[in-house]
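See below for the structure under consideration.
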Amino acid sequence: MQVLKSLPALRAALSGTRGTAFVPTMGNLHEGHLALVRQARQATGGSAPVVASIFVNRLQFAPHEDFDSYPRTFERDTKLLQQNGCDIVFAPTEADLYPEPQDVKVHPPAALADVLEGAFRPGFFVGVCTVVLKLFNAVQPGLAVFGKKDWQQLMVVRHMVRQLALPLQVLAGETCRADDGLALSSRNGYLSPAERDEAPALARSLRDLAAAVQAGNSDWAALEQAAMDALRGRGWAPDYVALRRQADLLPPAAGAPCSDALVVLAAARLGRTRLIDNFELPARG
Ligand code: PAF
C-alpha cells in the first residue's frame, strides 16, 4: 500500500489505471470505514485500485465545532487500511488541497442541504460537497462508497454527482453497529463510560418510532415529538428526530398512511458529544 500526500504523486500512481474505487474519510477509522473499504475492493472485483483518503476538512466545520480536537490517528489508520485491502492512501495537507482560499464552492440545493443536519450545521454540506468534488477530481474514481450512517450526506453527494454528471457510481455502505445497537462513529470516542452505556438509546428510539409507523401510526409529528421528549427525559438534548421520504427528504403528508420509502433521522447531544443516526423504512404495498 502506498501513502501519498501530494496531488502529483497521486496522479502519477493512478496514471494508466481505470475504474478506481474510492472511500473518502476524515480518518480515526473504525469498522464502519473498513467495511466501506472492503465493499470498494469487492466492487472492483480486484481489477482496479482502491484509494482511501484521510483529510479532516476544515471547510465542513463551524468555528465552534471540533475541527481542532477531531481525533487524528494516522499511523493506526494506515495500518488498518492496509489490512483491509486498500492500495493507496491519499492524505493531502491543507496546503495541498486548499493552496489558496477556497472561494469557489459547491452549494447543494437548500431543500436537501439546509434541512436537518444543514439546519443545525449551516454550511456543512457546502463544505462536504466542495471537498468531495475536489477529492473526486484528484482521484477520478469510477466508483465511490459512502456510508448510510451519514444518510443525508449520501443523498446530497448523490444529487451533486447526478446534477454535475460526474462520471462515477456512488455506492452506499450499510451502517455498522456495536452489539448494543450504537452506530459506529469517530465521535463515539468522546463519550464517557456512562454516556457510552446510554448512547444506544438513540438507535432504540428510532427503531421504536419506525415500528410505530409500521404498525400504522401516521401521526408523524406526535411520533417525532414523543421520541424527542423521551430522549430529553433520559438526559439528551435532541436537535431533531424527523421522519422523511427517502426520495426527497420531505415530510410525508400529515396524518395519512404513507406507502413511500421513509427514513427516520436524528441528531442529539449526549453531554458534549453530538451523535446522529437513522433508520430506513422500506416502501409499502
Ligand atoms: O463523512 C465524512 O467522513 C466526511 O464528511 C467526508 C465525506 C470524508 C468529507 O470530508
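Naming works like this for the C-alpha cells: A, B, ... for the chains as they're shown, residue 1 at the start of each chain, ligands 1 onward in shown order.
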
Find the spatial neighbours of Val104 in chain A, counting only C-alpha atoms, within a cut-off of 10 Å - ignore same-chain residues fewer than 3 positions away - and output them as a VMD selection string.
chain A and resid 101 107 130

Go ahead and dump the residues you just picked, N, CA and C atoms, as a short mmCIF file (atom, residue, chain, number, x, y, z; two decimals), in the first residue's frame.
data_model
loop_
_atom_site.label_atom_id
_atom_site.label_comp_id
_atom_site.auth_asym_id
_atom_site.auth_seq_id
_atom_site.Cartn_x
_atom_site.Cartn_y
_atom_site.Cartn_z
N PRO A 101 -7.24 30.41 -0.65
CA PRO A 101 -8.57 30.40 -0.04
C PRO A 101 -9.61 29.86 -1.03
N HIS A 107 -22.59 24.61 -3.83
CA HIS A 107 -23.76 24.88 -2.98
C HIS A 107 -24.89 23.94 -3.35
N THR A 130 -17.89 20.53 -1.49
CA THR A 130 -16.69 21.15 -2.08
C THR A 130 -15.49 20.22 -1.95
#

Q: Tell me, as a list in words, which residues lie within 10 Å of range 13-16 of chain A, counting only C-alpha atoms; anything in the same chain fewer than 5 positions away does not count.
A: Gln2, Leu4, Leu7, Pro8, Ala48, Pro49, Val51, Ile88, Ala138, Val139, Gln140 and Pro141 of chain A

Using N, CA and C atoms, can you export the residues from the last selection as a PDB file, in the first residue's frame?
ATOM      1  N   GLN A   2       0.511   2.203  -0.848  1.00  0.00           N
ATOM      2  CA  GLN A   2       1.266   3.461  -0.892  1.00  0.00           C
ATOM      3  C   GLN A   2       0.532   4.536  -0.079  1.00  0.00           C
ATOM      4  N   LEU A   4       0.301   8.491  -0.042  1.00  0.00           N
ATOM      5  CA  LEU A   4       0.692   9.627  -0.879  1.00  0.00           C
ATOM      6  C   LEU A   4       0.088  10.900  -0.332  1.00  0.00           C
ATOM      7  N   LEU A   7      -0.911  15.767  -4.671  1.00  0.00           N
ATOM      8  CA  LEU A   7      -1.730  15.507  -5.853  1.00  0.00           C
ATOM      9  C   LEU A   7      -0.884  14.955  -7.009  1.00  0.00           C
ATOM     10  N   PRO A   8       0.298  15.539  -7.292  1.00  0.00           N
ATOM     11  CA  PRO A   8       1.101  14.976  -8.386  1.00  0.00           C
ATOM     12  C   PRO A   8       1.489  13.517  -8.123  1.00  0.00           C
ATOM     13  N   ALA A  48      -9.156  -3.077 -10.123  1.00  0.00           N
ATOM     14  CA  ALA A  48      -8.798  -1.647 -10.132  1.00  0.00           C
ATOM     15  C   ALA A  48      -8.338  -1.259  -8.731  1.00  0.00           C
ATOM     16  N   PRO A  49      -7.552  -0.207  -8.636  1.00  0.00           N
ATOM     17  CA  PRO A  49      -7.044   0.177  -7.320  1.00  0.00           C
ATOM     18  C   PRO A  49      -8.139   0.708  -6.392  1.00  0.00           C
ATOM     19  N   VAL A  51      -8.617   3.359  -3.418  1.00  0.00           N
ATOM     20  CA  VAL A  51      -7.995   4.523  -2.787  1.00  0.00           C
ATOM     21  C   VAL A  51      -8.868   4.970  -1.620  1.00  0.00           C
ATOM     22  N   ILE A  88      -4.030   2.513  -2.017  1.00  0.00           N
ATOM     23  CA  ILE A  88      -3.402   3.840  -1.915  1.00  0.00           C
ATOM     24  C   ILE A  88      -4.145   4.654  -0.871  1.00  0.00           C
ATOM     25  N   ALA A 138      -9.301  14.761  -7.821  1.00  0.00           N
ATOM     26  CA  ALA A 138      -7.946  14.249  -7.578  1.00  0.00           C
ATOM     27  C   ALA A 138      -7.856  12.766  -7.931  1.00  0.00           C
ATOM     28  N   VAL A 139      -8.828  11.998  -7.451  1.00  0.00           N
ATOM     29  CA  VAL A 139      -8.748  10.531  -7.583  1.00  0.00           C
ATOM     30  C   VAL A 139      -9.331  10.048  -8.913  1.00  0.00           C
ATOM     31  N   GLN A 140     -10.306  10.804  -9.433  1.00  0.00           N
ATOM     32  CA  GLN A 140     -11.025  10.419 -10.652  1.00  0.00           C
ATOM     33  C   GLN A 140     -11.514   8.972 -10.586  1.00  0.00           C
ATOM     34  N   PRO A 141     -12.311   8.673  -9.561  1.00  0.00           N
ATOM     35  CA  PRO A 141     -12.732   7.283  -9.361  1.00  0.00           C
ATOM     36  C   PRO A 141     -13.842   6.870 -10.328  1.00  0.00           C
TER      37      PRO A 141
END

Practice task
Give as a ChimeraX atom specification the residues surrounding ligand 1 up to a distance of 8 Å, considering only C-alpha atoms and all ligand atoms.
Solution key: /A:23-27,53-57,60,127-129,131-132,146-147,150,153

Residue selection dump (N, CA and C atoms) as a CSV table (one decimal), in the first residue's frame:
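This is the output file out05.csv:
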chain,number,residue,atom,x,y,z
A,23,VAL,N,-12.9,5.6,-1.3
A,23,VAL,CA,-13.6,5.8,0.0
A,23,VAL,C,-13.0,7.0,0.7
A,24,PRO,N,-13.7,8.2,0.7
A,24,PRO,CA,-13.2,9.4,1.4
A,24,PRO,C,-13.5,9.2,2.9
A,25,THR,N,-12.5,9.6,3.7
A,25,THR,CA,-12.7,9.6,5.2
A,25,THR,C,-12.0,10.8,5.8
A,26,MET,N,-12.3,11.0,7.0
A,26,MET,CA,-11.6,12.0,7.8
A,26,MET,C,-10.7,11.3,8.8
A,27,GLY,N,-10.4,10.0,8.6
A,27,GLY,CA,-9.5,9.3,9.5
A,27,GLY,C,-10.2,8.9,10.8
A,53,SER,N,-9.1,8.2,1.2
A,53,SER,CA,-8.4,9.5,1.6
A,53,SER,C,-8.6,9.7,3.0
A,54,ILE,N,-7.6,10.4,3.6
A,54,ILE,CA,-7.7,10.8,5.0
A,54,ILE,C,-7.5,12.3,5.0
A,55,PHE,N,-8.5,13.1,5.3
A,55,PHE,CA,-8.4,14.5,5.3
A,55,PHE,C,-9.5,15.1,6.2
A,56,VAL,N,-9.0,15.8,7.3
A,56,VAL,CA,-10.0,16.4,8.1
A,56,VAL,C,-10.3,17.8,7.5
A,57,ASN,N,-11.5,17.9,7.0
A,57,ASN,CA,-11.9,19.1,6.1
A,57,ASN,C,-12.4,20.3,6.9
A,60,GLN,N,-15.9,22.0,6.4
A,60,GLN,CA,-17.3,21.5,6.9
A,60,GLN,C,-17.5,21.6,8.4
A,127,GLY,N,-19.4,22.6,2.6
A,127,GLY,CA,-18.0,22.1,2.9
A,127,GLY,C,-17.8,20.7,2.4
A,128,VAL,N,-18.8,19.9,2.7
A,128,VAL,CA,-18.7,18.4,2.3
A,128,VAL,C,-18.6,18.3,0.7
A,129,CYS,N,-19.6,19.0,0.1
A,129,CYS,CA,-19.6,18.9,-1.4
A,129,CYS,C,-18.4,19.4,-2.0
A,131,VAL,N,-15.3,19.7,-0.8
A,131,VAL,CA,-14.1,18.8,-0.6
A,131,VAL,C,-14.3,17.5,-1.4
A,132,VAL,N,-15.5,17.0,-1.4
A,132,VAL,CA,-15.8,15.7,-2.1
A,132,VAL,C,-15.5,15.9,-3.6
A,146,PHE,N,-19.9,5.6,0.1
A,146,PHE,CA,-20.3,6.5,1.3
A,146,PHE,C,-21.2,5.7,2.2
A,147,GLY,N,-21.0,5.9,3.5
A,147,GLY,CA,-21.8,5.1,4.5
A,147,GLY,C,-23.2,5.7,4.7
A,150,ASP,N,-24.3,8.4,7.5
A,150,ASP,CA,-24.5,9.8,7.2
A,150,ASP,C,-25.5,9.9,6.0
A,153,GLN,N,-25.9,13.1,4.0
A,153,GLN,CA,-24.7,13.3,3.2
A,153,GLN,C,-24.7,12.5,2.0

- Item | Pick from A:Ala242, A:Ala201, A:Val161, A:Leu59 nearest to Ala221 in chain A, counting only C-alpha atoms |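 Closest to Ala221 in chain A, using only C-alpha atoms: A:Ala242.
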
Shortest interatomic distance to Leu249 in chain A - which of A:Val156, A:Val170, A:Val50, A:Met228, counting only C-alpha atoms
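With only C-alpha atoms as the atom set, the closest residue is A:Val156.
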
Item to complete: Per DSSP on the backbone, filter range 55-268 of chain A down to the residues in strand (DSSP E) and report them as a PyMOL selection string.
Response: chain A and resi 88-90+143-147+169-173+237-245+262-268

**Request:** Give the helix (DSSP H, G or I) residues of range 22-59 of chain A, as assigned by DSSP on the backbone, as a list of chain:residue names.
**Result:** A:Glu31, A:Gly32, A:His33, A:Leu34, A:Ala35, A:Leu36, A:Val37, A:Arg38, A:Gln39, A:Ala40, A:Arg41, A:Gln42, A:Ala43, A:Thr44, A:Arg58, A:Leu59
